[in-house]
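Next up, work-v8.cif (mmCIF, N, CA and C atoms):
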```
data_entry
#
loop_
_atom_site.label_atom_id
_atom_site.label_comp_id
_atom_site.auth_asym_id
_atom_site.auth_seq_id
_atom_site.Cartn_x
_atom_site.Cartn_y
_atom_site.Cartn_z
N MET S 1 0.82 -1.18 0.00
CA MET S 1 0.00 0.00 0.00
C MET S 1 0.87 1.25 0.00
N LYS S 2 0.42 2.24 -0.72
CA LYS S 2 1.14 3.48 -0.80
C LYS S 2 0.79 4.35 0.42
N PRO S 3 1.80 4.91 1.12
CA PRO S 3 1.50 5.76 2.26
C PRO S 3 0.72 6.99 1.83
N LYS S 4 -0.16 7.44 2.70
CA LYS S 4 -0.91 8.64 2.40
C LYS S 4 -0.94 9.52 3.62
N SER S 5 -1.28 10.78 3.41
CA SER S 5 -1.32 11.71 4.53
C SER S 5 -2.59 11.47 5.34
N VAL S 6 -2.50 11.75 6.61
CA VAL S 6 -3.61 11.52 7.52
C VAL S 6 -3.98 12.84 8.19
N THR S 7 -5.25 13.14 8.21
CA THR S 7 -5.76 14.32 8.89
C THR S 7 -6.43 13.86 10.18
N VAL S 8 -5.89 14.29 11.29
CA VAL S 8 -6.42 13.88 12.58
C VAL S 8 -7.53 14.83 12.98
N SER S 9 -8.65 14.28 13.34
CA SER S 9 -9.80 15.08 13.76
C SER S 9 -9.85 15.13 15.28
N ARG S 10 -9.85 16.32 15.83
CA ARG S 10 -9.93 16.47 17.28
C ARG S 10 -11.28 16.00 17.82
N SER S 11 -12.32 16.07 17.01
CA SER S 11 -13.64 15.65 17.47
C SER S 11 -13.73 14.14 17.61
N ASN S 12 -12.72 13.42 17.10
CA ASN S 12 -12.71 11.97 17.16
C ASN S 12 -12.12 11.45 18.48
N GLN S 13 -11.70 12.32 19.36
CA GLN S 13 -11.11 11.91 20.62
C GLN S 13 -12.20 11.49 21.60
N TYR S 14 -12.04 10.33 22.17
CA TYR S 14 -13.04 9.79 23.10
C TYR S 14 -12.53 9.90 24.52
N THR S 15 -13.45 10.14 25.45
CA THR S 15 -13.07 10.19 26.85
C THR S 15 -13.09 8.78 27.42
N ASP S 16 -12.43 8.62 28.55
CA ASP S 16 -12.42 7.32 29.21
C ASP S 16 -13.83 6.89 29.60
N ASP S 17 -14.64 7.84 30.02
CA ASP S 17 -16.02 7.52 30.41
C ASP S 17 -16.83 7.00 29.23
N GLU S 18 -16.65 7.60 28.05
CA GLU S 18 -17.37 7.14 26.87
C GLU S 18 -16.98 5.71 26.50
N ILE S 19 -15.70 5.42 26.57
CA ILE S 19 -15.24 4.07 26.27
C ILE S 19 -15.76 3.10 27.31
N PHE S 20 -15.70 3.49 28.59
CA PHE S 20 -16.16 2.61 29.66
C PHE S 20 -17.65 2.32 29.53
N GLU S 21 -18.45 3.34 29.23
CA GLU S 21 -19.90 3.15 29.08
C GLU S 21 -20.22 2.20 27.93
N SER S 22 -19.48 2.30 26.84
CA SER S 22 -19.76 1.42 25.70
C SER S 22 -19.34 -0.02 25.98
N THR S 23 -18.39 -0.23 26.89
CA THR S 23 -18.00 -1.61 27.22
C THR S 23 -19.00 -2.29 28.13
N GLN S 24 -19.93 -1.53 28.70
CA GLN S 24 -20.93 -2.15 29.56
C GLN S 24 -21.83 -3.10 28.76
N LYS S 25 -22.13 -2.72 27.53
CA LYS S 25 -23.01 -3.53 26.70
C LYS S 25 -22.22 -4.52 25.85
N TYR S 26 -21.15 -4.06 25.22
CA TYR S 26 -20.31 -4.89 24.36
C TYR S 26 -18.92 -4.93 24.97
N ASN S 27 -18.59 -6.01 25.61
CA ASN S 27 -17.33 -6.12 26.32
C ASN S 27 -16.33 -6.92 25.49
N PRO S 28 -15.32 -6.25 24.89
CA PRO S 28 -14.34 -6.98 24.10
C PRO S 28 -13.42 -7.80 25.01
N THR S 29 -13.04 -8.98 24.53
CA THR S 29 -12.13 -9.81 25.30
C THR S 29 -10.70 -9.38 25.04
N LEU S 30 -9.82 -9.74 25.94
CA LEU S 30 -8.41 -9.43 25.78
C LEU S 30 -7.87 -10.07 24.50
N LYS S 31 -8.34 -11.27 24.20
CA LYS S 31 -7.94 -11.97 22.98
C LYS S 31 -8.28 -11.14 21.74
N ASN S 32 -9.48 -10.57 21.70
CA ASN S 32 -9.88 -9.75 20.56
C ASN S 32 -9.05 -8.48 20.45
N ILE S 33 -8.80 -7.84 21.58
CA ILE S 33 -7.99 -6.61 21.58
C ILE S 33 -6.59 -6.90 21.06
N LEU S 34 -5.98 -7.96 21.57
CA LEU S 34 -4.62 -8.30 21.15
C LEU S 34 -4.56 -8.69 19.68
N ARG S 35 -5.58 -9.38 19.20
CA ARG S 35 -5.60 -9.79 17.80
C ARG S 35 -5.71 -8.57 16.88
N VAL S 36 -6.56 -7.63 17.22
CA VAL S 36 -6.68 -6.41 16.42
C VAL S 36 -5.36 -5.63 16.44
N GLU S 37 -4.72 -5.53 17.61
CA GLU S 37 -3.42 -4.86 17.70
C GLU S 37 -2.38 -5.54 16.82
N GLN S 38 -2.33 -6.88 16.85
CA GLN S 38 -1.36 -7.62 16.04
C GLN S 38 -1.56 -7.36 14.55
N VAL S 39 -2.80 -7.40 14.09
CA VAL S 39 -3.08 -7.18 12.67
C VAL S 39 -2.72 -5.75 12.27
N LEU S 40 -3.09 -4.78 13.09
CA LEU S 40 -2.76 -3.39 12.78
C LEU S 40 -1.25 -3.17 12.78
N ALA S 41 -0.54 -3.76 13.73
CA ALA S 41 0.91 -3.60 13.78
C ALA S 41 1.59 -4.27 12.59
N LYS S 42 1.04 -5.38 12.14
CA LYS S 42 1.64 -6.12 11.02
C LYS S 42 1.46 -5.38 9.70
N TYR S 43 0.25 -4.90 9.41
CA TYR S 43 -0.06 -4.30 8.12
C TYR S 43 0.06 -2.78 8.10
N LYS S 44 0.15 -2.14 9.26
CA LYS S 44 0.38 -0.71 9.45
C LYS S 44 -0.73 0.23 8.99
N GLU S 45 -1.44 -0.07 7.91
CA GLU S 45 -2.41 0.87 7.38
C GLU S 45 -3.60 0.15 6.76
N PHE S 46 -4.80 0.66 7.02
CA PHE S 46 -6.02 0.12 6.44
C PHE S 46 -6.86 1.28 5.95
N ASP S 47 -7.49 1.09 4.79
CA ASP S 47 -8.33 2.14 4.22
C ASP S 47 -9.72 2.19 4.85
N SER S 48 -10.15 1.09 5.47
CA SER S 48 -11.49 1.05 6.06
C SER S 48 -11.57 -0.05 7.11
N LYS S 49 -12.65 -0.02 7.88
CA LYS S 49 -12.90 -1.09 8.85
C LYS S 49 -13.14 -2.41 8.14
N ALA S 50 -13.78 -2.35 6.97
CA ALA S 50 -14.06 -3.57 6.21
C ALA S 50 -12.75 -4.26 5.80
N GLN S 51 -11.77 -3.49 5.41
CA GLN S 51 -10.47 -4.06 5.04
C GLN S 51 -9.80 -4.69 6.26
N LEU S 52 -9.90 -4.05 7.40
CA LEU S 52 -9.36 -4.61 8.64
C LEU S 52 -10.07 -5.91 9.01
N THR S 53 -11.39 -5.91 8.91
CA THR S 53 -12.19 -7.08 9.25
C THR S 53 -11.81 -8.29 8.39
N LYS S 54 -11.51 -8.05 7.12
CA LYS S 54 -11.11 -9.14 6.23
C LYS S 54 -9.78 -9.76 6.66
N LYS S 55 -8.88 -8.96 7.20
CA LYS S 55 -7.57 -9.46 7.63
C LYS S 55 -7.63 -10.20 8.97
N LEU S 56 -8.64 -9.90 9.78
CA LEU S 56 -8.79 -10.59 11.06
C LEU S 56 -9.24 -12.02 10.80
N ASP S 57 -8.62 -12.98 11.45
CA ASP S 57 -9.02 -14.38 11.25
C ASP S 57 -10.11 -14.80 12.24
N ILE S 58 -10.61 -13.84 12.99
CA ILE S 58 -11.70 -14.12 13.92
C ILE S 58 -12.88 -13.22 13.56
N THR S 59 -14.07 -13.66 13.89
CA THR S 59 -15.23 -12.82 13.66
C THR S 59 -15.60 -12.13 14.96
N MET S 60 -15.93 -10.86 14.85
CA MET S 60 -16.39 -10.13 16.03
C MET S 60 -17.47 -9.15 15.57
N ARG S 61 -18.34 -8.84 16.47
CA ARG S 61 -19.44 -7.93 16.16
C ARG S 61 -18.90 -6.52 15.92
N PRO S 62 -19.50 -5.79 15.01
CA PRO S 62 -19.04 -4.43 14.72
C PRO S 62 -18.94 -3.50 15.94
N PRO S 63 -19.89 -3.54 16.88
CA PRO S 63 -19.74 -2.66 18.05
C PRO S 63 -18.49 -2.99 18.88
N VAL S 64 -18.14 -4.26 18.94
CA VAL S 64 -16.93 -4.66 19.68
C VAL S 64 -15.69 -4.11 18.99
N LEU S 65 -15.65 -4.22 17.67
CA LEU S 65 -14.52 -3.68 16.91
C LEU S 65 -14.43 -2.17 17.08
N ASN S 66 -15.57 -1.49 17.08
CA ASN S 66 -15.58 -0.04 17.28
C ASN S 66 -15.00 0.35 18.63
N ILE S 67 -15.35 -0.39 19.68
CA ILE S 67 -14.82 -0.12 21.02
C ILE S 67 -13.32 -0.32 21.05
N ILE S 68 -12.84 -1.39 20.42
CA ILE S 68 -11.40 -1.67 20.38
C ILE S 68 -10.67 -0.55 19.64
N LEU S 69 -11.22 -0.11 18.52
CA LEU S 69 -10.58 0.97 17.76
C LEU S 69 -10.57 2.28 18.54
N ARG S 70 -11.65 2.58 19.26
CA ARG S 70 -11.67 3.78 20.10
C ARG S 70 -10.59 3.70 21.18
N TYR S 71 -10.48 2.53 21.80
CA TYR S 71 -9.47 2.34 22.84
C TYR S 71 -8.06 2.53 22.26
N LEU S 72 -7.79 1.94 21.10
CA LEU S 72 -6.47 2.06 20.48
C LEU S 72 -6.16 3.50 20.08
N GLU S 73 -7.18 4.21 19.63
CA GLU S 73 -7.00 5.62 19.29
C GLU S 73 -6.72 6.45 20.55
N LYS S 74 -7.47 6.18 21.60
CA LYS S 74 -7.29 6.91 22.86
C LYS S 74 -5.91 6.65 23.47
N SER S 75 -5.40 5.43 23.29
CA SER S 75 -4.09 5.09 23.85
C SER S 75 -2.94 5.41 22.89
N ASN S 76 -3.24 6.17 21.85
CA ASN S 76 -2.24 6.64 20.88
C ASN S 76 -1.50 5.51 20.17
N LYS S 77 -2.21 4.46 19.86
CA LYS S 77 -1.62 3.37 19.10
C LYS S 77 -2.00 3.44 17.63
N ILE S 78 -3.15 4.07 17.34
CA ILE S 78 -3.57 4.25 15.94
C ILE S 78 -4.06 5.68 15.74
N LEU S 79 -4.03 6.10 14.49
CA LEU S 79 -4.69 7.34 14.09
C LEU S 79 -5.82 6.95 13.16
N VAL S 80 -6.98 7.56 13.35
CA VAL S 80 -8.12 7.32 12.49
C VAL S 80 -8.42 8.61 11.76
N ASP S 81 -8.37 8.54 10.43
CA ASP S 81 -8.62 9.71 9.60
C ASP S 81 -10.13 9.97 9.48
N LYS S 82 -10.50 11.12 8.99
CA LYS S 82 -11.91 11.47 8.83
C LYS S 82 -12.62 10.52 7.88
N ASP S 83 -11.91 9.98 6.90
CA ASP S 83 -12.52 9.06 5.93
C ASP S 83 -12.58 7.62 6.44
N GLY S 84 -12.11 7.37 7.66
CA GLY S 84 -12.19 6.04 8.26
C GLY S 84 -10.93 5.20 8.10
N SER S 85 -9.92 5.72 7.42
CA SER S 85 -8.68 4.96 7.28
C SER S 85 -7.91 4.99 8.61
N MET S 86 -7.13 3.93 8.85
CA MET S 86 -6.41 3.79 10.11
C MET S 86 -4.93 3.55 9.85
N VAL S 87 -4.09 4.13 10.71
CA VAL S 87 -2.64 3.97 10.59
C VAL S 87 -2.11 3.60 11.97
N TRP S 88 -1.27 2.55 12.03
CA TRP S 88 -0.62 2.13 13.27
C TRP S 88 0.55 3.08 13.53
N ILE S 89 0.59 3.73 14.70
CA ILE S 89 1.63 4.71 15.01
C ILE S 89 2.34 4.42 16.33
N TYR S 90 2.16 3.29 16.90
CA TYR S 90 2.64 3.06 18.26
C TYR S 90 4.15 3.07 18.40
N ALA S 91 4.90 3.15 17.33
CA ALA S 91 6.36 3.12 17.41
C ALA S 91 6.91 4.18 18.36
N SER S 92 6.26 5.32 18.44
CA SER S 92 6.76 6.41 19.27
C SER S 92 5.61 7.30 19.73
N PRO S 93 5.64 7.76 20.98
CA PRO S 93 4.61 8.69 21.44
C PRO S 93 4.66 10.02 20.68
N LYS S 94 5.82 10.37 20.14
CA LYS S 94 5.97 11.62 19.41
C LYS S 94 5.40 11.53 18.00
N ALA S 95 5.09 10.33 17.53
CA ALA S 95 4.60 10.16 16.17
C ALA S 95 3.28 10.88 15.94
N LYS S 96 2.40 10.86 16.93
CA LYS S 96 1.11 11.53 16.77
C LYS S 96 1.28 13.02 16.56
N LYS S 97 2.18 13.64 17.32
CA LYS S 97 2.44 15.07 17.15
C LYS S 97 3.01 15.35 15.77
N SER S 98 3.86 14.45 15.29
CA SER S 98 4.43 14.62 13.96
C SER S 98 3.35 14.56 12.89
N TRP S 99 2.41 13.63 13.04
CA TRP S 99 1.32 13.51 12.07
C TRP S 99 0.45 14.76 12.08
N GLU S 100 0.19 15.30 13.27
CA GLU S 100 -0.65 16.48 13.36
C GLU S 100 0.00 17.70 12.72
N LYS S 101 1.33 17.78 12.81
CA LYS S 101 2.05 18.91 12.25
C LYS S 101 2.40 18.73 10.78
N ALA S 102 2.20 17.54 10.25
CA ALA S 102 2.58 17.25 8.86
C ALA S 102 1.78 18.10 7.88
N VAL S 103 2.44 18.50 6.84
CA VAL S 103 1.80 19.29 5.79
C VAL S 103 1.16 18.35 4.80
N ARG S 104 -0.09 18.56 4.53
CA ARG S 104 -0.81 17.71 3.58
C ARG S 104 -0.36 18.03 2.17
N LEU S 105 -0.01 16.99 1.41
CA LEU S 105 0.46 17.18 0.02
C LEU S 105 -0.66 17.17 -0.95
#
```

For this file, produce the structure as structure tokens.
Amino acid sequence: MKPKSVTVSRSNQYTDDEIFESTQKYNPTLKNILRVEQVLAKYKEFDSKAQLTKKLDITMRPPVLNIILRYLEKSNKILVDKDGSMVWIYASPKAKKSWEKAVRL
């Protein structure tokens, strides 16, 4: 996949309370969280949730995947663009700041 620029939306930031409330109904297992992290770390970039779902060798309900993605975004492991594309950035805590300051080509 060809790298592309990512626009980070501040409105996409979730609070801990929002994530906690959503886990009351759909509680992701540690196995699911780790599997999503492994796939994201391996492939680095996905254009959509559907593309990510195809790479996962396990099936999970969409609300569970959404909670996992919110958690990963909140913990600065992924960036989610406005168009729904995702990029794994966990290599460095400074990477998120670099993406935010990057000039869009």

Please measure the separation of atom N of S:Phe46 and atom C of S:Val87, giving the value in Å to one decimal.
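Between atom N of S:Phe46 and atom C of S:Val87 the gap works out to 6.4 Å.
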
Among the residues of stretch 12-90 of chain S, find those DSSP assigns to alpha helix (DSSP H) from the backbone and print them as a CSV table (one decimal) with N, CA and C atoms, in the frame of the given file.
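Output saved as selection_32.csv:
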```
chain,number,residue,atom,x,y,z
S,16,ASP,N,-12.4,8.6,28.6
S,16,ASP,CA,-12.4,7.3,29.2
S,16,ASP,C,-13.8,6.9,29.6
S,17,ASP,N,-14.6,7.8,30.0
S,17,ASP,CA,-16.0,7.5,30.4
S,17,ASP,C,-16.8,7.0,29.2
S,18,GLU,N,-16.6,7.6,28.0
S,18,GLU,CA,-17.4,7.1,26.9
S,18,GLU,C,-17.0,5.7,26.5
S,19,ILE,N,-15.7,5.4,26.6
S,19,ILE,CA,-15.2,4.1,26.3
S,19,ILE,C,-15.8,3.1,27.3
S,20,PHE,N,-15.7,3.5,28.6
S,20,PHE,CA,-16.2,2.6,29.7
S,20,PHE,C,-17.6,2.3,29.5
S,21,GLU,N,-18.4,3.3,29.2
S,21,GLU,CA,-19.9,3.2,29.1
S,21,GLU,C,-20.2,2.2,27.9
S,22,SER,N,-19.5,2.3,26.8
S,22,SER,CA,-19.8,1.4,25.7
S,22,SER,C,-19.3,0.0,26.0
S,23,THR,N,-18.4,-0.2,26.9
S,23,THR,CA,-18.0,-1.6,27.2
S,23,THR,C,-19.0,-2.3,28.1
S,24,GLN,N,-19.9,-1.5,28.7
S,24,GLN,CA,-20.9,-2.2,29.6
S,24,GLN,C,-21.8,-3.1,28.8
S,25,LYS,N,-22.1,-2.7,27.5
S,25,LYS,CA,-23.0,-3.5,26.7
S,25,LYS,C,-22.2,-4.5,25.8
S,30,LEU,N,-9.8,-9.7,25.9
S,30,LEU,CA,-8.4,-9.4,25.8
S,30,LEU,C,-7.9,-10.1,24.5
S,31,LYS,N,-8.3,-11.3,24.2
S,31,LYS,CA,-7.9,-12.0,23.0
S,31,LYS,C,-8.3,-11.1,21.7
S,32,ASN,N,-9.5,-10.6,21.7
S,32,ASN,CA,-9.9,-9.8,20.6
S,32,ASN,C,-9.0,-8.5,20.4
S,33,ILE,N,-8.8,-7.8,21.6
S,33,ILE,CA,-8.0,-6.6,21.6
S,33,ILE,C,-6.6,-6.9,21.1
S,34,LEU,N,-6.0,-8.0,21.6
S,34,LEU,CA,-4.6,-8.3,21.2
S,34,LEU,C,-4.6,-8.7,19.7
S,35,ARG,N,-5.6,-9.4,19.2
S,35,ARG,CA,-5.6,-9.8,17.8
S,35,ARG,C,-5.7,-8.6,16.9
S,36,VAL,N,-6.6,-7.6,17.2
S,36,VAL,CA,-6.7,-6.4,16.4
S,36,VAL,C,-5.4,-5.6,16.4
S,37,GLU,N,-4.7,-5.5,17.6
S,37,GLU,CA,-3.4,-4.9,17.7
S,37,GLU,C,-2.4,-5.5,16.8
S,38,GLN,N,-2.3,-6.9,16.8
S,38,GLN,CA,-1.4,-7.6,16.0
S,38,GLN,C,-1.6,-7.4,14.6
S,39,VAL,N,-2.8,-7.4,14.1
S,39,VAL,CA,-3.1,-7.2,12.7
S,39,VAL,C,-2.7,-5.8,12.3
S,40,LEU,N,-3.1,-4.8,13.1
S,40,LEU,CA,-2.8,-3.4,12.8
S,40,LEU,C,-1.2,-3.2,12.8
S,41,ALA,N,-0.5,-3.8,13.7
S,41,ALA,CA,0.9,-3.6,13.8
S,41,ALA,C,1.6,-4.3,12.6
S,42,LYS,N,1.0,-5.4,12.1
S,42,LYS,CA,1.6,-6.1,11.0
S,42,LYS,C,1.5,-5.4,9.7
S,43,TYR,N,0.2,-4.9,9.4
S,43,TYR,CA,-0.1,-4.3,8.1
S,43,TYR,C,0.1,-2.8,8.1
S,49,LYS,N,-12.6,0.0,7.9
S,49,LYS,CA,-12.9,-1.1,8.8
S,49,LYS,C,-13.1,-2.4,8.1
S,50,ALA,N,-13.8,-2.4,7.0
S,50,ALA,CA,-14.1,-3.6,6.2
S,50,ALA,C,-12.8,-4.3,5.8
S,51,GLN,N,-11.8,-3.5,5.4
S,51,GLN,CA,-10.5,-4.1,5.0
S,51,GLN,C,-9.8,-4.7,6.3
S,52,LEU,N,-9.9,-4.0,7.4
S,52,LEU,CA,-9.4,-4.6,8.6
S,52,LEU,C,-10.1,-5.9,9.0
S,53,THR,N,-11.4,-5.9,8.9
S,53,THR,CA,-12.2,-7.1,9.2
S,53,THR,C,-11.8,-8.3,8.4
S,54,LYS,N,-11.5,-8.0,7.1
S,54,LYS,CA,-11.1,-9.1,6.2
S,54,LYS,C,-9.8,-9.8,6.7
S,55,LYS,N,-8.9,-9.0,7.2
S,55,LYS,CA,-7.6,-9.5,7.6
S,55,LYS,C,-7.6,-10.2,9.0
S,62,PRO,N,-19.5,-5.8,15.0
S,62,PRO,CA,-19.0,-4.4,14.7
S,62,PRO,C,-18.9,-3.5,15.9
S,63,PRO,N,-19.9,-3.5,16.9
S,63,PRO,CA,-19.7,-2.7,18.0
S,63,PRO,C,-18.5,-3.0,18.9
S,64,VAL,N,-18.1,-4.3,18.9
S,64,VAL,CA,-16.9,-4.7,19.7
S,64,VAL,C,-15.7,-4.1,19.0
S,65,LEU,N,-15.6,-4.2,17.7
S,65,LEU,CA,-14.5,-3.7,16.9
S,65,LEU,C,-14.4,-2.2,17.1
S,66,ASN,N,-15.6,-1.5,17.1
S,66,ASN,CA,-15.6,0.0,17.3
S,66,ASN,C,-15.0,0.4,18.6
S,67,ILE,N,-15.4,-0.4,19.7
S,67,ILE,CA,-14.8,-0.1,21.0
S,67,ILE,C,-13.3,-0.3,21.0
S,68,ILE,N,-12.8,-1.4,20.4
S,68,ILE,CA,-11.4,-1.7,20.4
S,68,ILE,C,-10.7,-0.6,19.6
S,69,LEU,N,-11.2,-0.1,18.5
S,69,LEU,CA,-10.6,1.0,17.8
S,69,LEU,C,-10.6,2.3,18.5
S,70,ARG,N,-11.6,2.6,19.3
S,70,ARG,CA,-11.7,3.8,20.1
S,70,ARG,C,-10.6,3.7,21.2
S,71,TYR,N,-10.5,2.5,21.8
S,71,TYR,CA,-9.5,2.3,22.8
S,71,TYR,C,-8.1,2.5,22.3
S,72,LEU,N,-7.8,1.9,21.1
S,72,LEU,CA,-6.5,2.1,20.5
S,72,LEU,C,-6.2,3.5,20.1
S,73,GLU,N,-7.2,4.2,19.6
S,73,GLU,CA,-7.0,5.6,19.3
S,73,GLU,C,-6.7,6.4,20.6
S,74,LYS,N,-7.5,6.2,21.6
S,74,LYS,CA,-7.3,6.9,22.9
S,74,LYS,C,-5.9,6.6,23.5
```

Identify, on the basis of only N, CA and C atoms, every residue whose closest approach to stretch 51-61 of chain S does not exceed 7 Å; exclude the query and any residue fewer than 5 positions from it along the same chain; express the result as a list of chain:residue names.
S:Arg35, S:Val39, S:Phe46, S:Asn66

Written as a compact mmCIF listing (two decimals) with N, CA and C atoms, in the frame of the given file, which residues does the PyMOL selection byres ((chain S and resi 45) around 7) give for the file shown?
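And here's out-v1.txt as it stands now:
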```txt
# COMPACT_ATOMS: atom_id res chain seq x y z
N LEU S 40 -3.09 -4.78 13.09
CA LEU S 40 -2.76 -3.39 12.78
C LEU S 40 -1.25 -3.17 12.78
N ALA S 41 -0.54 -3.76 13.73
CA ALA S 41 0.91 -3.60 13.78
C ALA S 41 1.59 -4.27 12.59
N LYS S 42 1.04 -5.38 12.14
CA LYS S 42 1.64 -6.12 11.02
C LYS S 42 1.46 -5.38 9.70
N TYR S 43 0.25 -4.90 9.41
CA TYR S 43 -0.06 -4.30 8.12
C TYR S 43 0.06 -2.78 8.10
N LYS S 44 0.15 -2.14 9.26
CA LYS S 44 0.38 -0.71 9.45
C LYS S 44 -0.73 0.23 8.99
N PHE S 46 -4.80 0.66 7.02
CA PHE S 46 -6.02 0.12 6.44
C PHE S 46 -6.86 1.28 5.95
N ASP S 47 -7.49 1.09 4.79
CA ASP S 47 -8.33 2.14 4.22
C ASP S 47 -9.72 2.19 4.85
N SER S 48 -10.15 1.09 5.47
CA SER S 48 -11.49 1.05 6.06
C SER S 48 -11.57 -0.05 7.11
N SER S 85 -9.92 5.72 7.42
CA SER S 85 -8.68 4.96 7.28
C SER S 85 -7.91 4.99 8.61
N MET S 86 -7.13 3.93 8.85
CA MET S 86 -6.41 3.79 10.11
C MET S 86 -4.93 3.55 9.85
N VAL S 87 -4.09 4.13 10.71
CA VAL S 87 -2.64 3.97 10.59
C VAL S 87 -2.11 3.60 11.97
N TRP S 88 -1.27 2.55 12.03
CA TRP S 88 -0.62 2.13 13.27
C TRP S 88 0.55 3.08 13.53
```

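The spacing separating atom C of S:Leu30 from atom N of S:Asn76 amounts to 17.1 Å.
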
DSSP strand (DSSP E) selection over chain S, as number ranges by chain:
S: 45-46, 78-80, 86-88

Between atom N of S:Glu21 and atom C of S:Ile89, what is the spacing in Å?
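Atom N of S:Glu21 lies at a distance of 24.5 Å from atom C of S:Ile89.
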
Which residue out of S:Ile68, S:Gln38, S:Lys49, S:Pro62 has the minimum interatomic distance to S:Ile19 when only C-alpha atoms are used?
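Residue with the minimum atom-to-atom distance to S:Ile19: S:Ile68.
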
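Nearest to S:Glu100 of all the residues S:Ile67, S:Leu79, S:Asp16, S:Leu72 is S:Leu79, based on only C-alpha atoms.
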